[in-house]
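Reading through the structure tokens given below for one structure.
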Amino acid sequence: FLSILGPSGCGKSTLLRLIAGLEVPSQGHVFLHGQEISGSKIILPPNRRKFSMIFQDFALFPHLNVNDNVKYGATGSKKEKQQRVNDMLELVSLTHLAKKMPNQISGGEQQRIALARALAPRPQLVLMDEPFSNLDYQLRQQLRRDIREILKHEGVATVLVTHDQLEAINFSDRMLLMQKGKVVQEGTPSEIYQNPQTIWASSF
């Protein structure tokens with residue numbers, strides 16, 4: 001679990017979008033397992049990167065019920081897709097909401113469904129763009145713990161973008177600290193917290 005931490009406007013979400021393939025780098029390169037997937041000449045389209053993204057506003061399809069939202073990215077035969085949906089809804093403990101529409105469930109439930117949908121295609125990497133910021137404090141803490149456990153259970157590498165120091169420290173194994181479009185420090189949360197490399201990092 002890697003978190004990208006920094007103040008608003010420092011480039012965190014842009015970096016995430018470059019990884020996802022939603023933006024093309026003007027310079028530099030993106031590599032996956034040693035293979036270049038984005039750069040000046042080579043661009044692997046987002047739909048072929050086997051990454052899933054969870055957005056701040058959950059981005060569930062409003063015209064599809066919970067079951068069909070999760071099924072959207074699943075692959076295989078009709079039976080295999082439905083089995084994957086059942087497994088994912090069980091994993092996030094929301095099997096009972098399968099027939100509900102997104103506007104009929106709470107924000108925390110929507111976030112869990114967004115996670116189930118993201119995991120349904122068996123991604124290599126999950127990208128999370130400030131996924132907890134629209135939730136109240138108590139729910140945010142609980143959901144962060146639950147989602148971390150679910151991702152750990154699935155064994156999926158995860159990149160979390162956040163401006164919340166506590167969130168980054170509690171969620172991630174490693175952190176990138178960003179300021180004004182640059183990575184100013186990287187390491188474990190405890191390394192960065194105990195040994196800030198700049199005055200700015202220390203005050204942040």
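Going by the structure tokens order, chains are called A, B, ..., each with residues numbered from 1, while ligands are numbered from 1 in the order shown.
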Which neighbours of A:Phe31 fall inside 12 Å, counting only C-alpha atoms, when residues of the same chain fewer than 4 positions from it are skipped, and could you give them as a list in words?
-> Leu18, Ile19, Ala20, Gly21, Gln35, Glu36, Ile37, Ser38, Gly39, Ile42, Ile43, Leu44 and Arg49 of chain A
Which residues, written as a short mmCIF file (atom, residue, chain, number, x, y, z; two decimals) with C-alpha atoms, in the first residue's frame, have at least one atom at most 12 Å from A:Arg144, with only C-alpha atoms counted and residues fewer than 2 positions away on the same chain left out?
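File selection-v8.cif, as written:
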data_model
loop_
_atom_site.label_atom_id
_atom_site.label_comp_id
_atom_site.auth_asym_id
_atom_site.auth_seq_id
_atom_site.Cartn_x
_atom_site.Cartn_y
_atom_site.Cartn_z
CA GLY A 108 -20.44 4.37 3.32
CA GLN A 111 -17.99 3.41 -1.08
CA ARG A 112 -17.98 -0.33 -0.34
CA LEU A 115 -14.60 -1.05 -3.97
CA MET A 128 -7.82 5.56 -4.95
CA GLU A 130 -9.25 10.77 -1.89
CA PRO A 131 -11.96 8.11 -1.53
CA PHE A 132 -12.88 8.90 2.08
CA SER A 133 -13.00 12.69 2.01
CA LEU A 135 -17.55 10.87 4.58
CA ASP A 136 -17.85 11.99 8.21
CA TYR A 137 -14.92 11.42 10.56
CA GLN A 138 -16.18 8.30 12.39
CA LEU A 139 -17.29 6.57 9.19
CA ARG A 140 -14.04 7.53 7.44
CA GLN A 141 -11.94 5.86 10.15
CA GLN A 142 -14.03 2.68 10.18
CA ASP A 146 -12.31 -2.18 6.64
CA ILE A 147 -11.20 -1.37 3.10
CA ARG A 148 -7.54 -1.90 3.98
CA GLU A 149 -8.39 -5.36 5.32
CA ILE A 150 -10.43 -6.21 2.21
CA LEU A 151 -7.61 -5.11 -0.12
CA LEU A 160 -3.98 6.10 -2.24
CA LEU A 166 -3.35 10.50 9.59
CA GLU A 167 -4.99 8.69 6.68
CA ALA A 168 -1.66 8.26 4.91
CA ILE A 169 0.10 7.07 8.07
CA ASN A 170 -2.64 4.60 9.04
CA PHE A 171 -3.32 3.23 5.56
CA SER A 172 0.03 2.82 3.85
#
Enumerate as a PyMOL selection string all residues of stretch 1-200 of chain A assigned to strand (DSSP E) by DSSP on the backbone, naming them with the chain letters and numbers the document uses.
-> chain A and resi 2-5+30-32+35-38+51-54+125-129+157-162+174-179+182-187
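Comparing the minimum interatomic distances between A:Val184 and each of A:Ala201, A:His153, A:Gly73, A:Gln82, counting only C-alpha atoms, we find that A:Ala201 sits nearest.
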Find the residues near A:Phe51: any atom within 7 Å, counting only C-alpha atoms, skip ones fewer than 6 places away on the same chain, and give them as a PyMOL selection string.
-> chain A and resi 20+123-126
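Take atom CA of A:Glu186 and atom CA of A:Met53: the distance between them is 22.7 Å.
Nearest to A:Val24 of all the residues A:Thr158, A:Gln179, A:Ser40, A:Thr198 is A:Ser40, based on only C-alpha atoms.
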Residues near A:Arg117, cut-off 7 Å, only C-alpha atoms, skip fewer than 2 positions along chain, as a VMD selection string | chain A and resid 69 to 71 73 113 to 115 119 to 120
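Shortest separation to A:Leu60 among A:Gly6, A:Pro102, A:Gly107, A:Gly155 occurs at residue A:Pro102, atoms counted being only C-alpha atoms.
With only C-alpha atoms as the basis for measurement, A:Leu5 is the residue among A:Leu5, A:Leu91, A:Leu22, A:Val159 that approaches A:Leu176 most closely.
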Using only C-alpha atoms, which of the listed residues (A:Thr162, A:Arg48, A:Asp173, A:Ile199) sits closest to A:Gly187?
-> A:Asp173
Got a sec to tell me which of stretch 14-175 of chain A DSSP assigns to alpha helix (DSSP H), as a ChimeraX atom specification?
-> /A:14-20,66-71,78-91,107-119,137-154,165-171
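Between A:Met178 and the candidates A:His33, A:Asn47, A:Ile192, A:Ser77, the tightest atom-to-atom separation, counting only C-alpha atoms, involves A:Ile192.
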Non-local contacts of A:Ser13 (7 Å; only C-alpha atoms; under 4 positions in same chain excluded) as a tab-separated table (two decimals) with N, CA, C and O atoms, in the first residue's frame:
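Final file, out-v3.tsv:
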chain	number	residue	atom	x	y	z
A	17	ARG	N	-3.52	10.01	-12.23
A	17	ARG	CA	-4.09	9.94	-13.58
A	17	ARG	C	-3.04	9.53	-14.62
A	17	ARG	O	-3.35	8.86	-15.60
A	129	ASP	N	-8.46	7.87	-5.32
A	129	ASP	CA	-8.28	9.32	-5.32
A	129	ASP	C	-9.15	9.96	-4.23
A	129	ASP	O	-10.33	10.20	-4.42
A	161	VAL	N	-4.27	8.42	-2.91
A	161	VAL	CA	-3.98	9.85	-2.91
A	161	VAL	C	-4.76	10.49	-1.77
A	161	VAL	O	-5.97	10.26	-1.63
